[in-house]
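Coordinates as given in input09.cif (mmCIF, C-alpha atoms):
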data_entry
loop_
_atom_site.label_atom_id
_atom_site.label_comp_id
_atom_site.auth_asym_id
_atom_site.auth_seq_id
_atom_site.Cartn_x
_atom_site.Cartn_y
_atom_site.Cartn_z
CA MET A 1 73.81 2.57 49.16
CA THR A 2 71.24 5.35 49.02
CA GLU A 3 67.75 4.77 50.23
CA SER A 4 64.76 7.04 50.34
CA ILE A 5 61.82 6.18 52.55
CA VAL A 6 58.61 5.84 50.62
CA SER A 7 56.05 5.07 53.27
CA SER A 8 55.30 3.51 56.60
CA PHE A 9 52.14 1.55 57.08
CA VAL A 10 50.49 -1.04 59.29
CA LEU A 11 49.69 -4.56 58.20
CA SER A 12 46.36 -4.99 60.00
CA LYS A 13 45.56 -8.49 58.79
CA TRP A 14 46.82 -10.98 56.29
CA ASN A 15 46.05 -14.40 55.00
CA ALA A 16 47.46 -16.61 52.30
CA TRP A 17 46.45 -19.74 50.48
CA ALA A 18 48.61 -22.19 48.59
CA SER A 19 47.94 -25.78 47.65
CA GLY A 20 47.52 -27.61 50.97
CA ILE A 21 48.09 -24.56 53.17
CA ASN A 22 44.87 -23.06 54.40
CA ASP A 23 45.67 -20.74 57.28
CA ILE A 24 48.40 -18.99 59.22
CA ASP A 25 49.08 -22.07 61.39
CA ASP A 26 49.70 -24.14 58.27
CA TRP A 27 51.98 -21.39 56.98
CA LEU A 28 53.93 -21.40 60.25
CA ASN A 29 54.49 -25.13 59.89
CA TRP A 30 55.53 -24.57 56.31
CA SER A 31 58.05 -21.87 57.22
CA LYS A 32 59.53 -23.86 60.09
CA LYS A 33 59.74 -27.32 58.60
CA ASP A 34 59.82 -26.43 54.96
CA LEU A 35 56.68 -28.52 54.68
CA ALA A 36 56.13 -29.75 51.16
CA LEU A 37 53.11 -28.15 49.56
CA GLN A 38 50.37 -30.60 48.65
CA GLN A 39 48.38 -30.57 45.46
CA GLU A 40 45.11 -29.64 47.05
CA LYS A 41 42.18 -27.64 45.78
CA ALA A 42 40.93 -24.60 47.64
CA VAL A 43 37.52 -24.90 49.27
CA ILE A 44 35.11 -22.16 48.25
CA PRO A 45 34.19 -19.92 51.20
CA ASP A 46 30.48 -19.79 52.13
CA SER A 47 30.39 -16.07 51.39
CA VAL A 48 30.42 -16.84 47.67
CA PRO A 49 26.82 -17.16 46.41
CA LYS A 50 25.97 -20.53 44.83
CA MET A 51 25.41 -19.16 41.33
CA LEU A 52 28.83 -17.48 41.36
CA GLN A 53 30.67 -20.52 42.68
CA ARG A 54 30.51 -22.19 39.27
CA ARG A 55 32.48 -19.29 37.79
CA LEU A 56 35.45 -19.76 40.14
CA SER A 57 38.56 -21.27 38.59
CA PRO A 58 41.12 -22.97 40.87
CA LEU A 59 43.08 -19.69 40.97
CA ALA A 60 39.95 -17.69 41.80
CA LYS A 61 39.21 -20.16 44.62
CA ALA A 62 42.72 -19.59 45.96
CA VAL A 63 42.15 -15.84 45.85
CA PHE A 64 38.81 -16.06 47.67
CA ASN A 65 40.36 -18.32 50.31
CA SER A 66 43.06 -15.81 51.06
CA ALA A 67 40.82 -12.73 50.85
CA ASN A 68 37.87 -14.08 52.79
CA LYS A 69 39.52 -13.61 56.19
CA CYS A 70 40.44 -9.99 55.44
CA ILE A 71 37.08 -8.57 54.32
CA VAL A 72 33.46 -8.99 55.38
CA THR A 73 30.58 -8.96 52.92
CA GLY A 74 29.30 -5.45 52.33
CA GLU A 75 32.47 -3.77 53.53
CA GLN A 76 33.59 -0.94 51.26
CA ILE A 77 37.36 -1.08 50.86
CA PRO A 78 39.59 -0.06 47.92
CA THR A 79 41.40 -3.10 46.60
CA VAL A 80 44.53 -3.63 44.53
CA PHE A 81 44.95 -6.94 42.74
CA SER A 82 48.28 -7.96 41.30
CA SER A 83 49.17 -11.02 39.25
CA ALA A 84 52.02 -11.56 36.80
CA HIS A 85 50.19 -13.98 34.54
CA GLY A 86 46.55 -13.87 35.61
CA GLU A 87 44.64 -16.73 34.04
CA ILE A 88 46.53 -16.85 30.78
CA TYR A 89 45.69 -20.52 30.28
CA LYS A 90 42.10 -19.46 29.59
CA SER A 91 43.28 -17.32 26.68
CA LEU A 92 45.37 -20.23 25.46
CA GLU A 93 42.32 -22.52 25.61
CA MET A 94 40.29 -20.03 23.58
CA LEU A 95 43.03 -19.69 20.98
CA LYS A 96 43.09 -23.48 20.69
CA ALA A 97 39.30 -23.50 20.23
CA ILE A 98 39.56 -20.89 17.47
CA GLN A 99 42.33 -22.88 15.83
CA ALA A 100 40.06 -25.95 15.90
CA ASP A 101 37.24 -23.92 14.29
CA ASP A 102 35.25 -24.25 17.47
CA GLU A 103 33.22 -21.39 18.88
CA VAL A 104 34.54 -19.55 21.90
CA SER A 105 32.40 -19.77 25.03
CA PRO A 106 31.14 -16.31 26.11
CA THR A 107 31.58 -17.37 29.74
CA ALA A 108 35.17 -18.44 29.13
CA PHE A 109 35.86 -15.16 27.36
CA SER A 110 34.35 -13.06 30.14
CA LEU A 111 36.43 -14.88 32.75
CA SER A 112 39.70 -14.75 30.81
CA VAL A 113 40.48 -11.07 31.24
CA HIS A 114 43.03 -9.89 33.79
CA ASN A 115 40.37 -8.27 35.99
CA ALA A 116 37.93 -11.21 35.94
CA ILE A 117 38.70 -12.35 39.50
CA ALA A 118 38.51 -8.74 40.70
CA GLY A 119 35.06 -8.48 39.12
CA LEU A 120 33.85 -11.63 40.89
CA PHE A 121 35.36 -10.32 44.14
CA SER A 122 33.45 -7.05 43.79
CA ILE A 123 30.15 -8.91 43.23
CA VAL A 124 30.67 -11.46 46.01
CA TYR A 125 31.50 -8.90 48.72
CA SER A 126 29.25 -6.13 47.30
CA ASN A 127 32.35 -3.97 47.39
CA GLN A 128 31.90 -0.94 45.16
CA GLN A 129 35.10 0.86 46.02
CA GLU A 130 37.83 1.41 43.42
CA ILE A 131 39.57 -1.74 42.30
CA THR A 132 42.89 -1.75 40.47
CA VAL A 133 44.34 -4.80 38.77
CA ILE A 134 48.06 -4.76 38.07
CA ALA A 135 50.11 -7.02 35.79
CA PRO A 136 53.51 -6.12 37.25
CA GLY A 137 55.68 -8.12 34.85
CA GLN A 138 59.26 -8.23 36.08
CA GLU A 139 58.56 -5.76 38.88
CA GLY A 140 57.26 -8.41 41.26
CA ILE A 141 55.12 -7.54 44.28
CA ALA A 142 56.31 -3.93 44.76
CA PRO A 143 53.90 -2.15 42.34
CA ALA A 144 50.91 -3.42 44.34
CA PHE A 145 52.37 -1.76 47.46
CA ILE A 146 53.07 1.48 45.60
CA GLU A 147 49.48 1.57 44.34
CA GLY A 148 47.96 0.61 47.69
CA LEU A 149 50.07 3.09 49.67
CA GLY A 150 49.09 5.80 47.18
CA ILE A 151 45.42 5.09 47.81
CA LEU A 152 46.04 5.28 51.59
CA GLN A 153 47.82 8.63 51.10
CA GLU A 154 44.77 9.88 49.25
CA GLY A 155 42.72 9.28 52.39
CA ALA A 156 41.39 5.72 52.35
CA ASP A 157 41.12 4.16 55.84
CA ALA A 158 42.32 0.77 54.64
CA VAL A 159 43.31 -0.97 51.42
CA LEU A 160 43.37 -4.64 50.49
CA LEU A 161 46.29 -5.93 48.45
CA VAL A 162 45.53 -9.24 46.76
CA LEU A 163 48.48 -10.93 45.06
CA TYR A 164 48.12 -14.22 43.25
CA ASP A 165 49.54 -16.44 40.54
CA GLU A 166 49.48 -20.00 39.34
CA PRO A 167 52.00 -21.97 37.27
CA ILE A 168 51.63 -21.08 33.60
CA ALA A 169 50.95 -23.64 30.88
CA ASP A 170 53.86 -25.60 29.44
CA PHE A 171 53.03 -24.01 26.09
CA TYR A 172 54.79 -20.84 27.17
CA PRO A 173 58.57 -20.86 27.37
CA VAL A 174 59.66 -20.10 30.94
CA SER A 175 63.40 -20.60 30.81
CA PRO A 176 65.67 -18.64 31.08
CA PHE A 177 63.34 -16.25 32.89
CA ASN A 178 62.55 -16.49 36.57
CA LEU A 179 58.80 -16.01 36.25
CA ASN A 180 57.07 -19.13 37.48
CA ALA A 181 56.59 -20.81 40.85
CA ASP A 182 55.60 -24.47 40.84
CA LYS A 183 52.56 -23.87 43.06
CA THR A 184 49.46 -21.70 43.00
CA CYS A 185 49.51 -19.07 45.72
CA ALA A 186 47.30 -16.16 46.78
CA LEU A 187 48.15 -13.61 49.46
CA THR A 188 45.84 -10.94 50.85
CA LEU A 189 47.17 -8.06 52.93
CA ARG A 190 44.98 -5.54 54.66
CA ILE A 191 46.97 -2.34 55.13
CA ALA A 192 46.34 1.03 56.78
CA LEU A 193 48.43 4.05 57.77
CA THR A 194 47.62 3.69 61.48
CA GLY A 195 45.98 1.26 63.87
CA GLU A 196 46.75 -2.16 65.27
CA GLY A 197 48.92 -4.61 63.46
CA LEU A 198 52.46 -5.06 62.27
CA PRO A 199 54.14 -1.70 61.49
CA LEU A 200 56.17 -1.87 58.30
CA GLN A 201 58.24 0.51 56.25
CA PHE A 202 58.49 0.25 52.48
CA SER A 203 61.42 1.82 50.68
CA ARG A 204 63.34 1.80 47.44
CA SER A 205 66.74 0.18 47.64
CA SER A 206 69.70 0.53 45.30
CA MET A 207 70.66 -3.07 45.91
CA THR A 208 71.02 -5.11 42.74
CA ARG A 209 69.45 -8.54 43.12
CA ASP A 210 67.06 -10.73 41.20
CA ASP A 211 64.29 -12.48 43.11
CA GLY A 212 62.14 -13.50 40.19
CA GLU A 213 58.65 -12.38 39.35
CA LEU A 214 55.56 -12.11 41.53
CA PRO A 215 54.76 -15.87 41.79
CA ILE A 216 58.18 -16.47 43.37
CA GLN A 217 58.33 -13.28 45.45
CA LEU A 218 54.99 -14.18 47.06
CA PHE A 219 56.53 -17.09 48.96
CA ALA A 220 59.52 -14.98 50.00
CA PHE A 221 57.19 -12.31 51.38
CA ILE A 222 55.07 -14.82 53.31
CA ARG A 223 58.24 -16.33 54.77
CA PHE A 224 59.33 -12.82 55.83
CA LEU A 225 56.02 -12.18 57.58
CA LEU A 226 56.34 -15.42 59.57
CA ALA A 227 60.05 -15.28 60.32
CA GLU A 228 62.03 -13.32 62.88
CA ASP A 229 63.76 -11.44 60.06
CA ARG A 230 63.46 -7.67 60.42
CA SER A 231 63.75 -6.85 56.76
CA LEU A 232 63.29 -8.24 53.29
CA SER A 233 64.67 -6.99 49.99
CA LEU A 234 63.29 -8.08 46.66
CA GLY A 235 64.64 -7.00 43.30
CA ASN A 236 64.30 -7.62 39.60
CA GLY A 237 67.95 -7.49 38.61
CA GLU A 238 68.03 -3.72 38.20
CA HIS A 239 66.47 -2.15 41.25
CA SER A 240 64.94 -3.47 44.42
CA TRP A 241 62.54 -2.69 47.23
CA ARG A 242 62.82 -3.22 50.92
CA TRP A 243 60.25 -4.05 53.57
CA GLN A 244 61.26 -3.48 57.15
CA LYS A 245 59.50 -4.40 60.38
CA LEU A 246 59.46 -1.37 62.68
CA MET B 1 11.95 -31.35 24.51
CA GLU B 2 11.62 -29.44 27.76
CA ASN B 3 13.69 -31.98 29.71
CA GLU B 4 16.27 -32.06 26.95
CA LEU B 5 16.50 -28.29 27.16
CA LYS B 6 16.83 -28.40 30.94
CA GLN B 7 19.73 -30.81 30.63
CA LEU B 8 21.31 -28.50 28.05
CA ILE B 9 20.99 -25.57 30.46
CA ILE B 10 22.55 -27.57 33.30
CA ASP B 11 25.45 -28.77 31.15
CA ALA B 12 26.14 -25.54 29.27
CA LEU B 13 25.99 -23.35 32.36
CA ASP B 14 27.82 -25.65 34.82
CA LEU B 15 24.83 -25.89 37.17
CA GLU B 16 26.40 -28.85 38.97
CA ASP B 17 24.06 -28.92 41.96
CA ILE B 18 20.84 -28.59 39.98
CA SER B 19 18.91 -31.47 38.43
CA ILE B 20 16.17 -31.49 35.80
CA ALA B 21 13.57 -31.89 38.55
CA ASP B 22 14.73 -28.66 40.17
CA ILE B 23 13.85 -26.55 37.15
CA ASP B 24 10.19 -25.66 36.70
CA SER B 25 9.36 -25.27 33.00
CA ASN B 26 7.32 -22.16 33.71
CA ASP B 27 9.69 -20.47 36.14
CA ALA B 28 11.74 -17.45 35.10
CA LEU B 29 15.22 -18.42 33.91
CA PHE B 30 16.79 -15.10 34.78
CA LYS B 31 16.95 -12.94 37.87
CA ASN B 32 14.50 -14.16 40.51
CA GLY B 33 13.81 -17.55 38.96
CA LEU B 34 16.74 -19.82 38.28
CA GLY B 35 18.98 -16.78 38.76
CA LEU B 36 20.86 -16.81 35.46
CA ASP B 37 22.63 -13.67 34.25
CA SER B 38 23.56 -12.00 30.97
CA ILE B 39 26.67 -14.14 30.46
CA ASP B 40 24.45 -17.23 30.83
CA ALA B 41 22.12 -15.84 28.18
CA LEU B 42 25.00 -15.64 25.69
CA GLU B 43 26.28 -19.09 26.66
CA LEU B 44 22.80 -20.62 26.38
CA GLY B 45 22.27 -18.94 23.00
CA LEU B 46 25.51 -20.54 21.77
CA ALA B 47 24.53 -23.98 23.15
CA ILE B 48 21.11 -23.79 21.45
CA ARG B 49 22.71 -22.81 18.15
CA LYS B 50 25.11 -25.73 18.37
CA LYS B 51 22.50 -28.31 19.33
CA TYR B 52 19.41 -27.23 17.40
CA ASN B 53 20.93 -25.04 14.72
CA VAL B 54 18.56 -22.31 15.86
CA LYS B 55 19.99 -18.82 16.11
CA ILE B 56 18.27 -16.43 18.49
CA ASP B 57 19.38 -12.92 17.58
CA SER B 58 19.84 -10.47 20.43
CA ASP B 59 18.08 -7.83 18.30
CA ASN B 60 15.02 -10.09 17.94
CA GLU B 61 12.36 -7.99 19.65
CA ASP B 62 10.89 -11.07 21.32
CA VAL B 63 14.21 -12.16 22.80
CA GLN B 64 13.15 -11.49 26.39
CA LYS B 65 9.97 -13.49 25.91
CA ILE B 66 11.81 -16.35 24.20
CA PHE B 67 14.29 -16.66 27.07
CA SER B 68 11.68 -16.11 29.79
CA SER B 69 11.22 -19.77 30.72
CA VAL B 70 12.09 -23.31 29.63
CA SER B 71 8.62 -23.77 28.12
CA ALA B 72 8.81 -20.50 26.15
CA LEU B 73 12.25 -21.44 24.90
CA ALA B 74 11.14 -24.95 23.89
CA GLU B 75 8.11 -23.54 22.11
CA TYR B 76 10.24 -21.09 20.14
CA ILE B 77 12.84 -23.69 19.15
CA GLU B 78 10.09 -26.09 17.99
CA SER B 79 8.42 -23.31 16.00
CA VAL B 80 11.48 -22.28 13.99
CA ARG B 81 13.15 -25.65 13.64
CA CYS B 82 12.19 -27.46 10.46
#
Structure translated into structure tokens:
Amino acid sequence: MTESIVSSFVLSKWNAWASGINDIDDWLNWSKKDLALQQEKAVIPDSVPKMLQRRLSPLAKAVFNSANKCIVTGEQIPTVFSSAHGEIYKSLEMLKAIQADDEVSPTAFSLSVHNAIAGLFSIVYSNQQEITVIAPGQEGIAPAFIEGLGILQEGADAVLLVLYDEPIADFYPVSPFNLNADKTCALTLRIALTGEGLPLQFSRSSMTRDDGELPIQLFAFIRFLLAEDRSLSLGNGEHSWRWQKL
Amino acid sequence: MENELKQLIIDALDLEDISIADIDSNDALFKNGLGLDSIDALELGLAIRKKYNVKIDSDNEDVQKIFSSVSALAEYIESVRC
């Protein structure tokens, strides 16, 4: 097995939200007892202005819940968003409206694009740094790391990685692909090249394994962060990536 | 008419926490007044077209004046509606 080191970095802060799991303590319980996830809606953090709150879908609320503990309003930090499916149900709803000869809501259209949550995020936190939004397809969570580490290499002090997905509508065929988790989940990682936090190394691995798409890999990565395990490999059937605690 | 329009604004723009009494007919709808934005303008234009069959073109040179307040909007809709 050949491996080439891509980059070492420090996980300065992280937070995740899934239905019924609001903070790290909840996640610890989840990882230890395999706590069943509840169907619970995310509460909107106070940092979101009232007039923007009405634009937040359940998935956007999940994202803001996870991100809110990793950024303060006004802080300028490059951010990488990554989601396999984004809010595809909104596009489906619009297509249904068109099919029914109904007019498409401008608001619905504006919020249906893959970078809609990133746009709201930028407004809410007055963050004017570069924001990238990835749709990684079968590649899982790794492309977000590659992008974020690249931005750090270019000289940024810190980067936020925001990974999120929700179950996609029954309309879309899922089987036989491994592309859907049964719960909404959002994970925010604040990374830097140096400083306090959990030192990690990210590398390409020649291991052949299939761990599903981003919605599924999210839970595996959170479990890795909470567990004693020193390393985690995630692959897409062809190639894989490895995260190692240093 | 003005109250009907206020209810339309609340419903079309998902202003859940706002009631008719909270909207002053003469207050600005956008920016410093009610705080609506450009997406709301499009959404409100669509809602008005659906309900009153009145189309307010974005290239109408009075468009800013028409959308300036609930009373201005009501006045315009009344004036063009037969």
Could the residues of chain A within 7 Å of chain B, counting only C-alpha atoms, be given as an MDAnalysis selection string, please?
chainID A and resid 54 105:107
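Restricting the calculation to all atoms listed in the file, the smallest distance between Gln64 of chain B and any of B:Asp11, B:Phe30, B:Lys6, B:Ala21 is found for B:Phe30.
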For Phe121 of chain A, work out the shell of residues within 10 Å, counting only C-alpha atoms and skipping chain neighbours fewer than 2 positions away, then give it as a compact mmCIF listing (two decimals) with C-alpha atoms, in the coordinates of the input.
# COMPACT_ATOMS: atom_id res chain seq x y z
CA VAL A 48 30.42 -16.84 47.67
CA ALA A 60 39.95 -17.69 41.80
CA VAL A 63 42.15 -15.84 45.85
CA PHE A 64 38.81 -16.06 47.67
CA ALA A 67 40.82 -12.73 50.85
CA ASN A 68 37.87 -14.08 52.79
CA THR A 79 41.40 -3.10 46.60
CA ASN A 115 40.37 -8.27 35.99
CA ALA A 116 37.93 -11.21 35.94
CA ILE A 117 38.70 -12.35 39.50
CA ALA A 118 38.51 -8.74 40.70
CA GLY A 119 35.06 -8.48 39.12
CA ILE A 123 30.15 -8.91 43.23
CA VAL A 124 30.67 -11.46 46.01
CA TYR A 125 31.50 -8.90 48.72
CA SER A 126 29.25 -6.13 47.30
CA ASN A 127 32.35 -3.97 47.39
CA ILE A 131 39.57 -1.74 42.30
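Here the PyMOL selection byres ((chain B and resi 55) around 10) captures the residues B:Gly45, B:Leu46, B:Ala47, B:Ile48, B:Arg49, B:Lys50, B:Tyr52, B:Asn53, B:Val54, B:Ile56, B:Asp57, B:Ser58, B:Ile77, B:Val80, B:Arg81.
Evaluated against the shown file, the PyMOL selection byres ((chain A and resi 57) around 10) gives Ala42, Gln53, Arg54, Arg55, Leu56, Pro58, Leu59, Ala60, Lys61, Ala62, Val63, Glu87, Lys90, Leu111 and Ile117 of chain A.
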Once the PyMOL selection byres ((chain A and resi 21-36) around 9) is applied to the coordinates I shared, what remains selected? I want it as a tab-separated table (two decimals) with C-alpha atoms, in the coordinates of the input.
chain	number	residue	atom	x	y	z
A	14	TRP	CA	46.82	-10.98	56.29
A	15	ASN	CA	46.05	-14.40	55.00
A	16	ALA	CA	47.46	-16.61	52.30
A	17	TRP	CA	46.45	-19.74	50.48
A	18	ALA	CA	48.61	-22.19	48.59
A	19	SER	CA	47.94	-25.78	47.65
A	20	GLY	CA	47.52	-27.61	50.97
A	37	LEU	CA	53.11	-28.15	49.56
A	38	GLN	CA	50.37	-30.60	48.65
A	40	GLU	CA	45.11	-29.64	47.05
A	42	ALA	CA	40.93	-24.60	47.64
A	65	ASN	CA	40.36	-18.32	50.31
A	66	SER	CA	43.06	-15.81	51.06
A	222	ILE	CA	55.07	-14.82	53.31
A	223	ARG	CA	58.24	-16.33	54.77
A	226	LEU	CA	56.34	-15.42	59.57
A	227	ALA	CA	60.05	-15.28	60.32
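Residues lying within 12 Å of Ser71 of chain B, counting only C-alpha atoms and ignoring same-chain neighbours fewer than 4 positions away, are Met1, Glu2, Asn3, Glu4, Leu5, Lys6, Ile23, Asp24, Ser25, Asn26, Asp27, Ala28, Leu29, Lys65, Ile66, Phe67, Glu75, Tyr76, Ile77 and Glu78 of chain B.
Coordinates place atom CA of Gly235 of chain A at a distance of 5.1 Å from atom CA of Arg209 of chain A.
Of the listed residues (A:Ile168, A:Val174, A:Ile134, A:Ala158), A:Ala158 comes nearest to Leu193 of chain A; the distances count only C-alpha atoms.
Distance-wise, atom CA of Val159 of chain A and atom CA of Thr132 of chain A end up 11.0 Å apart.
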Which one of A:Ser82, A:Ser110, A:Ser233, A:Gln76 sits closest to Phe221 of chain A if you count only C-alpha atoms?
A:Ser233
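Of the residues listed (A:Gly155, A:Pro45, A:Gly212, A:Pro136), A:Pro45 shows the shortest atom-to-atom separation from Val72 of chain A; distances use all atoms listed in the file.
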Please determine, counting only C-alpha atoms, which residue among A:Leu218, A:Leu95, A:Ala156, A:Leu198 has the shortest atom-to-atom distance to Ile141 of chain A.
A:Leu218
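We find atom CA of Phe109 of chain A and atom CA of Ile216 of chain A to be spaced 27.5 Å apart.
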Would you mind putting back all heavy atoms on segment 6-15 of chain B, then writing it out as a CSV table (one decimal), in the coordinates of the input?
chain,number,residue,atom,x,y,z
B,6,LYS,N,16.4,-28.6,29.6
B,6,LYS,CA,16.8,-28.4,30.9
B,6,LYS,C,18.2,-29.0,31.1
B,6,LYS,O,19.1,-28.4,31.8
B,6,LYS,CB,15.9,-29.1,31.9
B,6,LYS,CG,14.6,-28.3,32.1
B,6,LYS,CD,13.6,-29.0,33.0
B,6,LYS,CE,12.2,-28.4,33.0
B,6,LYS,NZ,11.2,-29.1,33.8
B,7,GLN,N,18.4,-30.2,30.5
B,7,GLN,CA,19.7,-30.8,30.6
B,7,GLN,C,20.8,-30.0,29.9
B,7,GLN,O,21.9,-29.8,30.4
B,7,GLN,CB,19.7,-32.2,30.0
B,7,GLN,CG,20.9,-33.1,30.4
B,7,GLN,CD,21.1,-33.2,31.9
B,7,GLN,OE1,20.2,-33.6,32.6
B,7,GLN,NE2,22.3,-32.9,32.4
B,8,LEU,N,20.4,-29.4,28.8
B,8,LEU,CA,21.3,-28.5,28.0
B,8,LEU,C,21.7,-27.3,28.9
B,8,LEU,O,22.9,-26.9,28.9
B,8,LEU,CB,20.7,-28.0,26.7
B,8,LEU,CG,21.5,-27.2,25.8
B,8,LEU,CD1,22.6,-28.1,25.1
B,8,LEU,CD2,20.7,-26.5,24.8
B,9,ILE,N,20.7,-26.7,29.6
B,9,ILE,CA,21.0,-25.6,30.5
B,9,ILE,C,22.0,-26.0,31.6
B,9,ILE,O,22.9,-25.3,31.8
B,9,ILE,CB,19.7,-25.0,31.1
B,9,ILE,CG1,18.8,-24.4,29.9
B,9,ILE,CG2,19.9,-24.0,32.2
B,9,ILE,CD1,17.4,-24.0,30.4
B,10,ILE,N,21.7,-27.1,32.2
B,10,ILE,CA,22.6,-27.6,33.3
B,10,ILE,C,24.0,-27.8,32.8
B,10,ILE,O,24.9,-27.3,33.4
B,10,ILE,CB,22.0,-28.9,33.9
B,10,ILE,CG1,20.7,-28.6,34.7
B,10,ILE,CG2,23.0,-29.5,34.8
B,10,ILE,CD1,19.8,-29.8,35.0
B,11,ASP,N,24.1,-28.5,31.7
B,11,ASP,CA,25.4,-28.8,31.2
B,11,ASP,C,26.2,-27.5,30.7
B,11,ASP,O,27.4,-27.3,31.0
B,11,ASP,CB,25.4,-29.8,30.0
B,11,ASP,CG,24.8,-31.1,30.5
B,11,ASP,OD1,24.9,-31.4,31.7
B,11,ASP,OD2,24.4,-31.9,29.7
B,12,ALA,N,25.5,-26.7,29.9
B,12,ALA,CA,26.1,-25.5,29.3
B,12,ALA,C,26.5,-24.5,30.3
B,12,ALA,O,27.5,-23.8,30.1
B,12,ALA,CB,25.3,-24.9,28.2
B,13,LEU,N,25.8,-24.4,31.4
B,13,LEU,CA,26.0,-23.4,32.4
B,13,LEU,C,26.6,-23.8,33.7
B,13,LEU,O,26.7,-23.1,34.7
B,13,LEU,CB,24.7,-22.6,32.7
B,13,LEU,CG,23.9,-22.1,31.4
B,13,LEU,CD1,22.7,-21.4,31.8
B,13,LEU,CD2,24.8,-21.2,30.5
B,14,ASP,N,27.1,-25.1,33.6
B,14,ASP,CA,27.8,-25.6,34.8
B,14,ASP,C,27.0,-25.6,36.1
B,14,ASP,O,27.5,-25.3,37.2
B,14,ASP,CB,29.1,-24.9,35.1
B,14,ASP,CG,30.2,-25.1,34.0
B,14,ASP,OD1,30.1,-26.2,33.4
B,14,ASP,OD2,30.9,-24.2,33.7
B,15,LEU,N,25.7,-25.9,36.0
B,15,LEU,CA,24.8,-25.9,37.2
B,15,LEU,C,24.9,-27.3,37.9
B,15,LEU,O,24.0,-28.0,37.9
B,15,LEU,CB,23.4,-25.6,36.8
B,15,LEU,CG,23.2,-24.3,36.0
B,15,LEU,CD1,21.7,-24.1,35.5
B,15,LEU,CD2,23.5,-23.1,37.0
